[in-house]
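Enquirer: Handing you this structure, nothing more for now.
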Amino acid sequence: ASDALVLGRHNYNWTFLSSAQFNSDITTDTWYHAFLQVSGCDIKISVQAIDSPDQTRFSYSDCTLSAGQIGLRTFNTQAIWRYIAMSPK
């Protein structure tokens, strides 16, 4: 989907899980904060431009993701990632 935040699972193939349209336009030369919170089966995701109060978020539940790694990717666009960290709450 265009200008969408997409959640998927990759286990030797890509599986779409859920998505949400961004609440505002995605603009070039803008940094965004992305947050992922996982607790048991529950996943919460949010993205927000650092200079905007608009936030795109959604929740998803999937108990098949008991272990693994995080990953970021783009489709049909260019992006730069920085300051990626994962820590317990």
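Ordering of the structure tokens sets the chain letters (A, B, ...); residue numbers start at 1 within each chain; ligands are numbered from 1 in the order shown.
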As a PyMOL selection string, please: every residue in range 1-78 of chain A that DSSP puts in strand (DSSP E or B).
Expert: chain A and resi 4-10+14-21+32-39+42-49+55-61
Enquirer: In Å to one decimal, how far is CA of Gly68 in chain A from CA of Trp14 in chain A?
Expert: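 Going from CA of Trp14 in chain A over to CA of Gly68 in chain A, I get 14.4 Å.
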Enquirer: List the neighbours of range 71-78 of chain A out to 12 Å using only C-alpha atoms; skip same-chain residues closer than 6 positions along the sequence, and give me the result as a ChimeraX atom specification.
Expert: /A:1-10,14,26-29,34-36,84-86
Enquirer: Save out the residues we just selected, N, CA, C and O atoms, as a PDB file, in the first residue's frame.
Expert:
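Below is the file that was written, result_29.pdb:
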```pdb
ATOM      1  N   ALA A   1       0.845  -1.192   0.000  1.00  0.00           N
ATOM      2  CA  ALA A   1       0.000   0.000   0.000  1.00  0.00           C
ATOM      3  C   ALA A   1       0.881   1.241   0.000  1.00  0.00           C
ATOM      4  O   ALA A   1       1.912   1.279   0.643  1.00  0.00           O
ATOM      5  N   SER A   2       0.468   2.248  -0.692  1.00  0.00           N
ATOM      6  CA  SER A   2       1.223   3.491  -0.779  1.00  0.00           C
ATOM      7  C   SER A   2       1.074   4.294   0.507  1.00  0.00           C
ATOM      8  O   SER A   2      -0.014   4.398   1.060  1.00  0.00           O
ATOM      9  N   ASP A   3       2.172   4.889   0.975  1.00  0.00           N
ATOM     10  CA  ASP A   3       2.163   5.674   2.211  1.00  0.00           C
ATOM     11  C   ASP A   3       1.479   4.930   3.354  1.00  0.00           C
ATOM     12  O   ASP A   3       0.593   5.447   4.025  1.00  0.00           O
ATOM     13  N   ALA A   4       1.901   3.705   3.568  1.00  0.00           N
ATOM     14  CA  ALA A   4       1.307   2.886   4.623  1.00  0.00           C
ATOM     15  C   ALA A   4       2.394   2.321   5.522  1.00  0.00           C
ATOM     16  O   ALA A   4       3.523   2.084   5.097  1.00  0.00           O
ATOM     17  N   LEU A   5       2.050   2.110   6.755  1.00  0.00           N
ATOM     18  CA  LEU A   5       2.876   1.417   7.722  1.00  0.00           C
ATOM     19  C   LEU A   5       2.432  -0.037   7.687  1.00  0.00           C
ATOM     20  O   LEU A   5       1.256  -0.330   7.886  1.00  0.00           O
ATOM     21  N   VAL A   6       3.345  -0.947   7.380  1.00  0.00           N
ATOM     22  CA  VAL A   6       2.985  -2.342   7.153  1.00  0.00           C
ATOM     23  C   VAL A   6       3.735  -3.234   8.132  1.00  0.00           C
ATOM     24  O   VAL A   6       4.933  -3.071   8.346  1.00  0.00           O
ATOM     25  N   LEU A   7       3.042  -4.186   8.697  1.00  0.00           N
ATOM     26  CA  LEU A   7       3.629  -5.193   9.580  1.00  0.00           C
ATOM     27  C   LEU A   7       3.580  -6.528   8.864  1.00  0.00           C
ATOM     28  O   LEU A   7       2.549  -6.892   8.293  1.00  0.00           O
ATOM     29  N   GLY A   8       4.709  -7.230   8.876  1.00  0.00           N
ATOM     30  CA  GLY A   8       4.755  -8.543   8.249  1.00  0.00           C
ATOM     31  C   GLY A   8       5.680  -9.468   9.010  1.00  0.00           C
ATOM     32  O   GLY A   8       6.403  -9.058   9.915  1.00  0.00           O
ATOM     33  N   ARG A   9       5.630 -10.708   8.625  1.00  0.00           N
ATOM     34  CA  ARG A   9       6.471 -11.741   9.241  1.00  0.00           C
ATOM     35  C   ARG A   9       7.282 -12.384   8.118  1.00  0.00           C
ATOM     36  O   ARG A   9       6.763 -12.631   7.026  1.00  0.00           O
ATOM     37  N   HIS A  10       8.554 -12.648   8.399  1.00  0.00           N
ATOM     38  CA  HIS A  10       9.392 -13.305   7.402  1.00  0.00           C
ATOM     39  C   HIS A  10       9.963 -14.578   8.015  1.00  0.00           C
ATOM     40  O   HIS A  10      10.724 -14.531   8.971  1.00  0.00           O
ATOM     41  N   TRP A  14       7.670 -13.919   2.860  1.00  0.00           N
ATOM     42  CA  TRP A  14       7.050 -12.729   3.442  1.00  0.00           C
ATOM     43  C   TRP A  14       5.567 -12.983   3.626  1.00  0.00           C
ATOM     44  O   TRP A  14       4.875 -13.402   2.704  1.00  0.00           O
ATOM     45  N   ILE A  26       3.788  11.499   3.787  1.00  0.00           N
ATOM     46  CA  ILE A  26       5.179  11.157   4.030  1.00  0.00           C
ATOM     47  C   ILE A  26       6.013  12.087   3.156  1.00  0.00           C
ATOM     48  O   ILE A  26       5.789  12.171   1.951  1.00  0.00           O
ATOM     49  N   THR A  27       6.937  12.784   3.757  1.00  0.00           N
ATOM     50  CA  THR A  27       7.722  13.757   3.010  1.00  0.00           C
ATOM     51  C   THR A  27       9.196  13.373   2.997  1.00  0.00           C
ATOM     52  O   THR A  27       9.700  12.744   3.938  1.00  0.00           O
ATOM     53  N   THR A  28       9.873  13.764   1.936  1.00  0.00           N
ATOM     54  CA  THR A  28      11.311  13.514   1.845  1.00  0.00           C
ATOM     55  C   THR A  28      12.058  14.461   2.778  1.00  0.00           C
ATOM     56  O   THR A  28      11.533  15.488   3.199  1.00  0.00           O
ATOM     57  N   ASP A  29      13.275  14.100   3.093  1.00  0.00           N
ATOM     58  CA  ASP A  29      14.140  14.895   3.972  1.00  0.00           C
ATOM     59  C   ASP A  29      13.514  15.146   5.341  1.00  0.00           C
ATOM     60  O   ASP A  29      13.701  16.201   5.946  1.00  0.00           O
ATOM     61  N   ALA A  34      10.026   5.710  14.863  1.00  0.00           N
ATOM     62  CA  ALA A  34       9.235   4.485  14.753  1.00  0.00           C
ATOM     63  C   ALA A  34       9.382   3.714  16.054  1.00  0.00           C
ATOM     64  O   ALA A  34      10.490   3.546  16.567  1.00  0.00           O
ATOM     65  N   PHE A  35       8.265   3.267  16.596  1.00  0.00           N
ATOM     66  CA  PHE A  35       8.258   2.534  17.856  1.00  0.00           C
ATOM     67  C   PHE A  35       7.555   1.203  17.672  1.00  0.00           C
ATOM     68  O   PHE A  35       6.484   1.141  17.067  1.00  0.00           O
ATOM     69  N   LEU A  36       8.149   0.167  18.205  1.00  0.00           N
ATOM     70  CA  LEU A  36       7.573  -1.178  18.179  1.00  0.00           C
ATOM     71  C   LEU A  36       7.613  -1.709  19.595  1.00  0.00           C
ATOM     72  O   LEU A  36       8.666  -1.722  20.228  1.00  0.00           O
ATOM     73  N   ILE A  84      18.872   2.554  15.502  1.00  0.00           N
ATOM     74  CA  ILE A  84      17.973   1.419  15.717  1.00  0.00           C
ATOM     75  C   ILE A  84      18.419   0.700  16.978  1.00  0.00           C
ATOM     76  O   ILE A  84      19.583   0.328  17.113  1.00  0.00           O
ATOM     77  N   ALA A  85      17.505   0.544  17.899  1.00  0.00           N
ATOM     78  CA  ALA A  85      17.833  -0.125  19.153  1.00  0.00           C
ATOM     79  C   ALA A  85      16.650  -0.980  19.595  1.00  0.00           C
ATOM     80  O   ALA A  85      15.500  -0.703  19.265  1.00  0.00           O
ATOM     81  N   MET A  86      16.964  -2.013  20.336  1.00  0.00           N
ATOM     82  CA  MET A  86      15.931  -2.873  20.910  1.00  0.00           C
ATOM     83  C   MET A  86      16.306  -3.124  22.351  1.00  0.00           C
ATOM     84  O   MET A  86      17.457  -3.426  22.658  1.00  0.00           O
TER      85      MET A  86
END
```
Enquirer: Have a look at A:Tyr60, A:Ser66, A:Ser87, A:Ile45 and name the one nearest to Phe16 in chain A; count only C-alpha atoms.
Expert: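 Smallest separation from Phe16 in chain A among the options: A:Tyr60.
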Enquirer: Quick one, how far is CA of Asn23 in chain A from CA of Thr64 in chain A?
Expert: 29.1 Å
Enquirer: Name the closest residue to Ser61 in chain A among the candidates A:Trp81, A:Thr15, A:Ser39, A:Ala49; distances are taken between atoms, counting only C-alpha atoms.
Expert: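 Among the listed residues, the smallest separation from Ser61 in chain A belongs to A:Ser39.
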Enquirer: For a test of reading the model, state the distance in Å between CA of Tyr32 in chain A and CA of Asp62 in chain A, rounded to one decimal.
Expert: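 Straight-line distance from CA of Tyr32 in chain A to CA of Asp62 in chain A works out to 25.5 Å.
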Enquirer: Which residue out of A:Gly40, A:Ile80, A:Asp25, A:Ile70 has the minimum interatomic distance to Ser52 in chain A when only C-alpha atoms are used?
Expert: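 Looking at the shortest contact to Ser52 in chain A, the residue is A:Asp25.
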